file coords_37.pdb (PDB, N, CA and C atoms)
MODEL        1
ATOM      1  N   MET E   1      74.976 103.959 118.435
ATOM      2  CA  MET E   1      76.132 103.400 117.773
ATOM      3  C   MET E   1      77.115 102.915 118.838
ATOM      4  N   LEU E   2      77.723 101.803 118.562
ATOM      5  CA  LEU E   2      78.765 101.307 119.453
ATOM      6  C   LEU E   2      80.002 102.193 119.331
ATOM      7  N   PRO E   3      80.682 102.482 120.442
ATOM      8  CA  PRO E   3      81.840 103.390 120.363
ATOM      9  C   PRO E   3      82.999 102.808 119.561
ATOM     10  N   GLY E   4      83.092 101.494 119.502
ATOM     11  CA  GLY E   4      84.167 100.885 118.735
ATOM     12  C   GLY E   4      84.025 101.094 117.243
ATOM     13  N   ILE E   5      82.801 101.235 116.766
ATOM     14  CA  ILE E   5      82.584 101.407 115.331
ATOM     15  C   ILE E   5      83.173 102.734 114.870
ATOM     16  N   ALA E   6      83.004 103.790 115.659
ATOM     17  CA  ALA E   6      83.571 105.092 115.288
ATOM     18  C   ALA E   6      85.099 105.024 115.252
ATOM     19  N   ALA E   7      85.701 104.350 116.215
ATOM     20  CA  ALA E   7      87.163 104.222 116.229
ATOM     21  C   ALA E   7      87.651 103.403 115.044
ATOM     22  N   ILE E   8      86.950 102.328 114.732
ATOM     23  CA  ILE E   8      87.317 101.498 113.583
ATOM     24  C   ILE E   8      87.197 102.306 112.298
ATOM     25  N   ALA E   9      86.133 103.091 112.182
ATOM     26  CA  ALA E   9      85.932 103.894 110.977
ATOM     27  C   ALA E   9      87.042 104.940 110.822
ATOM     28  N   MET E  10      87.430 105.584 111.916
ATOM     29  CA  MET E  10      88.504 106.584 111.840
ATOM     30  C   MET E  10      89.838 105.942 111.450
ATOM     31  N   PHE E  11      90.146 104.795 112.035
ATOM     32  CA  PHE E  11      91.402 104.122 111.700
ATOM     33  C   PHE E  11      91.398 103.646 110.253
ATOM     34  N   MET E  12      90.280 103.082 109.821
ATOM     35  CA  MET E  12      90.229 102.551 108.457
ATOM     36  C   MET E  12      90.241 103.667 107.414
ATOM     37  N   ILE E  13      89.622 104.807 107.692
ATOM     38  CA  ILE E  13      89.681 105.909 106.726
ATOM     39  C   ILE E  13      91.097 106.471 106.663
ATOM     40  N   PHE E  14      91.817 106.472 107.796
ATOM     41  CA  PHE E  14      93.216 106.894 107.787
ATOM     42  C   PHE E  14      94.060 105.932 106.956
ATOM     43  N   MET E  15      93.867 104.631 107.158
ATOM     44  CA  MET E  15      94.621 103.643 106.379
ATOM     45  C   MET E  15      94.293 103.744 104.891
ATOM     46  N   THR E  16      93.033 104.028 104.583
ATOM     47  CA  THR E  16      92.631 104.180 103.187
ATOM     48  C   THR E  16      93.313 105.391 102.564
ATOM     49  N   MET E  17      93.369 106.498 103.292
ATOM     50  CA  MET E  17      94.030 107.693 102.761
ATOM     51  C   MET E  17      95.524 107.467 102.562
ATOM     52  N   VAL E  18      96.150 106.748 103.485
ATOM     53  CA  VAL E  18      97.584 106.454 103.347
ATOM     54  C   VAL E  18      97.831 105.582 102.113
ATOM     55  N   ASN E  19      96.988 104.585 101.887
ATOM     56  CA  ASN E  19      97.163 103.714 100.729
ATOM     57  C   ASN E  19      96.870 104.434  99.418
ATOM     58  N   VAL E  20      95.895 105.337  99.407
ATOM     59  CA  VAL E  20      95.628 106.124  98.200
ATOM     60  C   VAL E  20      96.820 107.026  97.893
ATOM     61  N   TYR E  21      97.365 107.680  98.906
ATOM     62  CA  TYR E  21      98.540 108.528  98.699
ATOM     63  C   TYR E  21      99.716 107.708  98.174
ATOM     64  N   ALA E  22      99.910 106.523  98.739
ATOM     65  CA  ALA E  22     101.013 105.666  98.274
ATOM     66  C   ALA E  22     100.791 105.222  96.834
ATOM     67  N   ALA E  23      99.547 104.932  96.476
ATOM     68  CA  ALA E  23      99.263 104.515  95.102
ATOM     69  C   ALA E  23      99.445 105.672  94.127
ATOM     70  N   VAL E  24      99.034 106.867  94.512
ATOM     71  CA  VAL E  24      99.155 108.022  93.626
ATOM     72  C   VAL E  24     100.610 108.426  93.434
ATOM     73  N   THR E  25     101.430 108.303  94.467
ATOM     74  CA  THR E  25     102.841 108.671  94.340
ATOM     75  C   THR E  25     103.691 107.577  93.698
ATOM     76  N   GLY E  26     103.121 106.419  93.426
ATOM     77  CA  GLY E  26     103.837 105.390  92.680
ATOM     78  C   GLY E  26     104.525 104.339  93.518
ATOM     79  N   VAL E  27     104.184 104.211  94.780
ATOM     80  CA  VAL E  27     104.817 103.202  95.628
ATOM     81  C   VAL E  27     104.465 101.794  95.144
ATOM     82  N   TYR E  28     103.237 101.615  94.672
ATOM     83  CA  TYR E  28     102.782 100.293  94.233
ATOM     84  C   TYR E  28     103.064 100.027  92.764
ATOM     85  N   GLY E  29     103.760 100.904  92.099
ATOM     86  CA  GLY E  29     104.067 100.733  90.691
ATOM     87  C   GLY E  29     103.061 101.479  89.819
ATOM     88  N   ALA E  30     103.237 101.361  88.523
ATOM     89  CA  ALA E  30     102.378 102.097  87.599
ATOM     90  C   ALA E  30     101.443 101.174  86.827
ATOM     91  N   GLY E  31     101.456  99.912  87.117
ATOM     92  CA  GLY E  31     100.664  98.963  86.351
ATOM     93  C   GLY E  31      99.297  98.699  86.941
ATOM     94  N   VAL E  32      98.901  97.450  86.863
ATOM     95  CA  VAL E  32      97.588  97.030  87.315
ATOM     96  C   VAL E  32      97.439  97.173  88.830
ATOM     97  N   ALA E  33      98.509  96.994  89.580
ATOM     98  CA  ALA E  33      98.435  97.101  91.042
ATOM     99  C   ALA E  33      98.012  98.496  91.471
ATOM    100  N   HIS E  34      98.438  99.493  90.734
ATOM    101  CA  HIS E  34      98.074 100.874  91.032
ATOM    102  C   HIS E  34      96.556 101.050  90.993
ATOM    103  N   TYR E  35      95.931 100.583  89.942
ATOM    104  CA  TYR E  35      94.478 100.725  89.802
ATOM    105  C   TYR E  35      93.724  99.776  90.724
ATOM    106  N   GLY E  36      94.286  98.618  91.014
ATOM    107  CA  GLY E  36      93.656  97.691  91.946
ATOM    108  C   GLY E  36      93.588  98.256  93.354
ATOM    109  N   ILE E  37      94.680  98.877  93.791
ATOM    110  CA  ILE E  37      94.707  99.501  95.116
ATOM    111  C   ILE E  37      93.707 100.645  95.185
ATOM    112  N   LEU E  38      93.643 101.466  94.135
ATOM    113  CA  LEU E  38      92.693 102.574  94.131
ATOM    114  C   LEU E  38      91.252 102.080  94.144
ATOM    115  N   ALA E  39      90.964 100.987  93.440
ATOM    116  CA  ALA E  39      89.603 100.430  93.440
ATOM    117  C   ALA E  39      89.236  99.869  94.811
ATOM    118  N   LEU E  40      90.164  99.150  95.433
ATOM    119  CA  LEU E  40      89.895  98.609  96.767
ATOM    120  C   LEU E  40      89.726  99.722  97.800
ATOM    121  N   CYS E  41      90.519 100.770  97.688
ATOM    122  CA  CYS E  41      90.389 101.890  98.626
ATOM    123  C   CYS E  41      89.061 102.619  98.432
ATOM    124  N   THR E  42      88.599 102.721  97.198
ATOM    125  CA  THR E  42      87.302 103.339  96.943
ATOM    126  C   THR E  42      86.183 102.517  97.562
ATOM    127  N   LEU E  43      86.236 101.209  97.377
ATOM    128  CA  LEU E  43      85.228 100.337  97.990
ATOM    129  C   LEU E  43      85.263 100.434  99.513
ATOM    130  N   LEU E  44      86.446 100.490 100.071
ATOM    131  CA  LEU E  44      86.561 100.575 101.520
ATOM    132  C   LEU E  44      86.049 101.912 102.039
ATOM    133  N   ALA E  45      86.322 103.004 101.336
ATOM    134  CA  ALA E  45      85.825 104.311 101.768
ATOM    135  C   ALA E  45      84.300 104.357 101.729
ATOM    136  N   VAL E  46      83.715 103.798 100.698
ATOM    137  CA  VAL E  46      82.248 103.730 100.617
ATOM    138  C   VAL E  46      81.708 102.864 101.751
ATOM    139  N   GLY E  47      82.378 101.752 102.037
ATOM    140  CA  GLY E  47      81.964 100.872 103.123
ATOM    141  C   GLY E  47      82.060 101.537 104.487
ATOM    142  N   ILE E  48      83.063 102.375 104.674
ATOM    143  CA  ILE E  48      83.217 103.064 105.957
ATOM    144  C   ILE E  48      82.039 103.991 106.203
ATOM    145  N   PHE E  49      81.652 104.745 105.178
ATOM    146  CA  PHE E  49      80.513 105.638 105.354
ATOM    147  C   PHE E  49      79.213 104.858 105.512
ATOM    148  N   GLY E  50      79.123 103.685 104.888
ATOM    149  CA  GLY E  50      77.962 102.825 105.119
ATOM    150  C   GLY E  50      77.950 102.258 106.521
ATOM    151  N   LEU E  51      79.123 101.934 107.050
ATOM    152  CA  LEU E  51      79.207 101.422 108.421
ATOM    153  C   LEU E  51      78.803 102.490 109.431
ATOM    154  N   LEU E  52      79.176 103.727 109.168
ATOM    155  CA  LEU E  52      78.784 104.802 110.075
ATOM    156  C   LEU E  52      77.269 105.011 110.090
ATOM    157  N   ARG E  53      76.610 104.629 109.011
ATOM    158  CA  ARG E  53      75.145 104.691 108.978
ATOM    159  C   ARG E  53      74.537 103.386 109.484
ATOM    160  N   LEU E  54      75.389 102.448 109.938
ATOM    161  CA  LEU E  54      74.987 101.153 110.503
ATOM    162  C   LEU E  54      74.229 100.285 109.496
ATOM    163  N   THR E  55      74.709 100.250 108.252
ATOM    164  CA  THR E  55      74.104  99.386 107.244
ATOM    165  C   THR E  55      74.895  98.081 107.156
ATOM    166  N   LYS E  56      74.205  97.026 106.739
ATOM    167  CA  LYS E  56      74.863  95.716 106.650
ATOM    168  C   LYS E  56      75.891  95.671 105.527
ATOM    169  N   TRP E  57      75.609  96.350 104.415
ATOM    170  CA  TRP E  57      76.579  96.332 103.326
ATOM    171  C   TRP E  57      77.844  97.088 103.709
ATOM    172  N   GLY E  58      77.717  98.157 104.487
ATOM    173  CA  GLY E  58      78.903  98.870 104.967
ATOM    174  C   GLY E  58      79.714  98.013 105.920
ATOM    175  N   TRP E  59      79.000  97.294 106.787
ATOM    176  CA  TRP E  59      79.682  96.387 107.717
ATOM    177  C   TRP E  59      80.439  95.312 106.949
ATOM    178  N   ALA E  60      79.817  94.771 105.903
ATOM    179  CA  ALA E  60      80.457  93.703 105.129
ATOM    180  C   ALA E  60      81.711  94.208 104.422
ATOM    181  N   LEU E  61      81.638  95.403 103.843
ATOM    182  CA  LEU E  61      82.812  95.947 103.151
ATOM    183  C   LEU E  61      83.956  96.253 104.112
ATOM    184  N   VAL E  62      83.645  96.817 105.263
ATOM    185  CA  VAL E  62      84.700  97.163 106.230
ATOM    186  C   VAL E  62      85.280  95.896 106.864
ATOM    187  N   THR E  63      84.442  94.912 107.119
ATOM    188  CA  THR E  63      84.948  93.647 107.666
ATOM    189  C   THR E  63      85.899  92.971 106.677
ATOM    190  N   ALA E  64      85.527  92.963 105.403
ATOM    191  CA  ALA E  64      86.416  92.405 104.379
ATOM    192  C   ALA E  64      87.694  93.227 104.256
ATOM    193  N   GLY E  65      87.569  94.547 104.359
ATOM    194  CA  GLY E  65      88.755  95.405 104.302
ATOM    195  C   GLY E  65      89.697  95.163 105.464
ATOM    196  N   CYS E  66      89.147  94.973 106.652
ATOM    197  CA  CYS E  66      89.982  94.658 107.821
ATOM    198  C   CYS E  66      90.732  93.353 107.615
ATOM    199  N   LEU E  67      90.031  92.370 107.093
ATOM    200  CA  LEU E  67      90.677  91.076 106.865
ATOM    201  C   LEU E  67      91.760  91.184 105.794
ATOM    202  N   LEU E  68      91.508  91.955 104.738
ATOM    203  CA  LEU E  68      92.523  92.137 103.693
ATOM    204  C   LEU E  68      93.730  92.913 104.204
ATOM    205  N   PHE E  69      93.500  93.977 104.985
ATOM    206  CA  PHE E  69      94.612  94.723 105.556
ATOM    207  C   PHE E  69      95.450  93.837 106.475
ATOM    208  N   ALA E  70      94.805  93.034 107.300
ATOM    209  CA  ALA E  70      95.542  92.151 108.211
ATOM    210  C   ALA E  70      96.336  91.113 107.422
ATOM    211  N   ALA E  71      95.715  90.527 106.403
ATOM    212  CA  ALA E  71      96.422  89.527 105.592
ATOM    213  C   ALA E  71      97.615  90.156 104.879
ATOM    214  N   GLY E  72      97.447  91.362 104.357
ATOM    215  CA  GLY E  72      98.562  92.049 103.694
ATOM    216  C   GLY E  72      99.686  92.369 104.650
ATOM    217  N   ASP E  73      99.335  92.817 105.850
ATOM    218  CA  ASP E  73     100.377  93.122 106.836
ATOM    219  C   ASP E  73     101.127  91.865 107.269
ATOM    220  N   PHE E  74     100.414  90.772 107.457
ATOM    221  CA  PHE E  74     101.091  89.522 107.826
ATOM    222  C   PHE E  74     101.951  89.002 106.672
ATOM    223  N   PHE E  75     101.503  89.217 105.430
ATOM    224  CA  PHE E  75     102.317  88.829 104.278
ATOM    225  C   PHE E  75     103.607  89.650 104.235
ATOM    226  N   TYR E  76     103.489  90.982 104.406
ATOM    227  CA  TYR E  76     104.687  91.819 104.408
ATOM    228  C   TYR E  76     105.605  91.481 105.577
ATOM    229  N   PHE E  77     105.035  91.113 106.723
ATOM    230  CA  PHE E  77     105.869  90.704 107.855
ATOM    231  C   PHE E  77     106.629  89.429 107.526
ATOM    232  N   SER E  78     105.975  88.492 106.840
ATOM    233  CA  SER E  78     106.669  87.237 106.502
ATOM    234  C   SER E  78     107.797  87.463 105.500
ATOM    235  N   ARG E  79     107.679  88.519 104.682
ATOM    236  CA  ARG E  79     108.721  88.807 103.694
ATOM    237  C   ARG E  79     109.844  89.684 104.253
ATOM    238  N   THR E  80     109.491  90.682 105.069
ATOM    239  CA  THR E  80     110.496  91.652 105.510
ATOM    240  C   THR E  80     110.936  91.481 106.957
ATOM    241  N   HIS E  81     110.146  90.804 107.773
ATOM    242  CA  HIS E  81     110.421  90.597 109.196
ATOM    243  C   HIS E  81     110.540  91.916 109.966
ATOM    244  N   LEU E  82     109.769  92.918 109.532
ATOM    245  CA  LEU E  82     109.688  94.181 110.271
ATOM    246  C   LEU E  82     108.516  94.089 111.239
ATOM    247  N   ALA E  83     108.781  94.421 112.495
ATOM    248  CA  ALA E  83     107.774  94.241 113.538
ATOM    249  C   ALA E  83     106.564  95.149 113.359
ATOM    250  N   ARG E  84     106.728  96.283 112.670
ATOM    251  CA  ARG E  84     105.590  97.198 112.515
ATOM    252  C   ARG E  84     104.468  96.576 111.719
ATOM    253  N   PHE E  85     104.785  95.731 110.756
ATOM    254  CA  PHE E  85     103.736  95.051 109.997
ATOM    255  C   PHE E  85     103.000  94.041 110.866
ATOM    256  N   PHE E  86     103.722  93.369 111.729
ATOM    257  CA  PHE E  86     103.095  92.389 112.617
ATOM    258  C   PHE E  86     102.171  93.072 113.623
ATOM    259  N   VAL E  87     102.635  94.167 114.200
ATOM    260  CA  VAL E  87     101.827  94.891 115.191
ATOM    261  C   VAL E  87     100.588  95.489 114.536
ATOM    262  N   ARG E  88     100.752  96.113 113.374
ATOM    263  CA  ARG E  88      99.598  96.688 112.679
ATOM    264  C   ARG E  88      98.636  95.600 112.228
ATOM    265  N   GLY E  89      99.150  94.450 111.806
ATOM    266  CA  GLY E  89      98.298  93.335 111.432
ATOM    267  C   GLY E  89      97.479  92.822 112.604
ATOM    268  N   LEU E  90      98.096  92.725 113.769
ATOM    269  CA  LEU E  90      97.344  92.316 114.964
ATOM    270  C   LEU E  90      96.285  93.343 115.349
ATOM    271  N   PHE E  91      96.621  94.618 115.209
ATOM    272  CA  PHE E  91      95.688  95.698 115.526
ATOM    273  C   PHE E  91      94.463  95.637 114.606
ATOM    274  N   VAL E  92      94.696  95.462 113.321
ATOM    275  CA  VAL E  92      93.588  95.392 112.363
ATOM    276  C   VAL E  92      92.805  94.095 112.558
ATOM    277  N   LEU E  93      93.485  93.012 112.895
ATOM    278  CA  LEU E  93      92.785  91.756 113.166
ATOM    279  C   LEU E  93      91.889  91.892 114.401
ATOM    280  N   LEU E  94      92.320  92.660 115.371
ATOM    281  CA  LEU E  94      91.479  92.933 116.536
ATOM    282  C   LEU E  94      90.221  93.695 116.122
ATOM    283  N   PHE E  95      90.352  94.639 115.211
ATOM    284  CA  PHE E  95      89.179  95.340 114.693
ATOM    285  C   PHE E  95      88.252  94.391 113.950
ATOM    286  N   PHE E  96      88.827  93.479 113.176
ATOM    287  CA  PHE E  96      88.006  92.485 112.475
ATOM    288  C   PHE E  96      87.213  91.645 113.466
ATOM    289  N   LEU E  97      87.878  91.195 114.518
ATOM    290  CA  LEU E  97      87.190  90.375 115.514
ATOM    291  C   LEU E  97      86.121  91.172 116.253
ATOM    292  N   ASP E  98      86.341  92.467 116.452
ATOM    293  CA  ASP E  98      85.317  93.299 117.079
ATOM    294  C   ASP E  98      84.109  93.452 116.158
ATOM    295  N   LEU E  99      84.338  93.599 114.867
ATOM    296  CA  LEU E  99      83.221  93.723 113.922
ATOM    297  C   LEU E  99      82.460  92.413 113.758
ATOM    298  N   ALA E 100      83.120  91.292 113.970
ATOM    299  CA  ALA E 100      82.483  89.995 113.775
ATOM    300  C   ALA E 100      81.655  89.543 114.978
ATOM    301  N   ARG E 101      81.671  90.306 116.079
ATOM    302  CA  ARG E 101      80.898  89.932 117.262
ATOM    303  C   ARG E 101      79.403  89.976 116.972
ATOM    304  N   PRO E 102      78.620  89.093 117.587
ATOM    305  CA  PRO E 102      77.160  89.130 117.385
ATOM    306  C   PRO E 102      76.515  90.429 117.870
ATOM    307  N   GLU E 103      77.062  91.046 118.926
ATOM    308  CA  GLU E 103      76.490  92.300 119.426
ATOM    309  C   GLU E 103      76.600  93.410 118.395
ATOM    310  N   THR E 104      77.684  93.408 117.626
ATOM    311  CA  THR E 104      77.856  94.414 116.587
ATOM    312  C   THR E 104      76.888  94.168 115.441
ATOM    313  N   ARG E 105      76.752  92.922 115.038
ATOM    314  CA  ARG E 105      75.882  92.595 113.905
ATOM    315  C   ARG E 105      74.406  92.834 114.219
ATOM    316  N   GLU E 106      74.019  92.702 115.494
ATOM    317  CA  GLU E 106      72.612  92.885 115.869
ATOM    318  C   GLU E 106      72.163  94.337 115.728
ATOM    319  N   ARG E 107      73.087  95.290 115.796
ATOM    320  CA  ARG E 107      72.732  96.708 115.743
ATOM    321  C   ARG E 107      72.623  97.253 114.338
ATOM    322  N   LEU E 108      72.920  96.447 113.337
ATOM    323  CA  LEU E 108      72.895  96.923 111.956
ATOM    324  C   LEU E 108      71.495  96.870 111.381
ATOM    325  N   ARG E 109      71.256  97.740 110.404
ATOM    326  CA  ARG E 109      69.965  97.743 109.702
ATOM    327  C   ARG E 109      70.070  96.990 108.412
TER
ENDMDL
END

call {"tool": "encode", "arguments": {"input": "coords_37.pdb", "output": "structure tokens"}}
result
Amino acid sequence: MLPGIAAIAMFMIFMTMVNVYAAVTGVYGAGVAHYGILALCTLLAVGIFGLLRLTKWGWALVTAGCLLFAAGDFFYFSRTHLARFFVRGLFVLLFFLDLARPETRERLR
């Protein structure tokens, strides 16, 4: 396994847990967004465990999750102008670019 995959998996599972906690405590509201966030976090958690087993479907789910997290962070940065969203968005985008490398894709089953 590439060492970057383990780091990406740990960071993404942490982000997933933070978003689930925020959804359960009502940060995202009580409507459709609440259930949408929980569904996306469930898909991402399943994808993370698939990525740790080096499967292509796990890689695809985590790559899509990285891109969605980065897009969301850049959207929040454009609305609030808080630097933490920009920095976290760049960090997650770096993970996306690491997952998109041909060397990473060649090691998957």

call {"tool": "atom_distance", "arguments": {"input": "coords_37.pdb", "atom1": "CA of Met10 (chain E)", "atom2": "atom C of Thr42 (chain E)"}}
result
15.0 Å

call {"tool": "closest_residue", "arguments": {"input": "coords_37.pdb", "among": "E:Phe74, E:Cys41, E:Thr16, E:Ala60", "to": "Leu90 (chain E)", "atoms": "all atoms listed in the file"}}
result
E:Phe74

call {"tool": "atom_distance", "arguments": {"input": "coords_37.pdb", "atom1": "CA of Ala6 (chain E)", "atom2": "CA of Leu54 (chain E)"}}
result
10.6 Å

call {"tool": "atom_distance", "arguments": {"input": "coords_37.pdb", "atom1": "atom C of Gly72 (chain E)", "atom2": "CA of Gly50 (chain E)"}}
result
24.1 Å

call {"tool": "closest_residue", "arguments": {"input": "coords_37.pdb", "among": "E:Arg84, E:Arg101, E:His34, E:Arg79", "to": "Ala22 (chain E)", "atoms": "only N, CA and C atoms"}}
result
E:His34

call {"tool": "axis_aligned_box", "arguments": {"input": "coords_37.pdb", "around": "region 10-14 of chain E", "padding_each_side": "4 Å", "output": "lines of an AutoDock Vina configuration file"}}
result
center_x = 90.7
center_y = 104.7
center_z = 109.3
size_x = 14.6
size_y = 12.3
size_z = 13.4

call {"tool": "residues_around", "arguments": {"input": "coords_37.pdb", "residues": "Phe69 (chain E)", "least_positions_apart": "3", "cutoff": "8 Å", "atoms": "only C-alpha atoms", "output": "ChimeraX atom specification"}}
result
/E:65-66,72-73,89,92

call {"tool": "closest_residue", "arguments": {"input": "coords_37.pdb", "among": "E:Ala83, E:Ser78, E:Leu2, E:Leu67", "to": "Phe96 (chain E)", "atoms": "only N, CA and C atoms"}}
result
E:Leu67

call {"tool": "resolve_selection", "arguments": {"input": "coords_37.pdb", "expression": "the PyMOL selection byres ((chain E and resi 62) around 8)", "output": "list in words"}}
result
Leu43, Leu44, Ala45, Val46, Gly47, Ile48, Gly50, Leu51, Lys56, Trp57, Gly58, Trp59, Ala60, Leu61, Thr63, Ala64, Gly65, Cys66, Leu67, Leu68, Phe95, Phe96 and Leu99 of chain E

call {"tool": "select_by_dssp", "arguments": {"input": "coords_37.pdb", "residues": "chain E", "states": "alpha helix (DSSP H)", "output": "PyMOL selection string"}}
result
chain E and resi 3-25+32-52+56-80+83-99+102-106

call {"tool": "closest_residue", "arguments": {"input": "coords_37.pdb", "among": "E:Ala23, E:Thr55, E:Val32, E:Ala70", "to": "Phe91 (chain E)", "atoms": "only C-alpha atoms"}}
result
E:Ala70
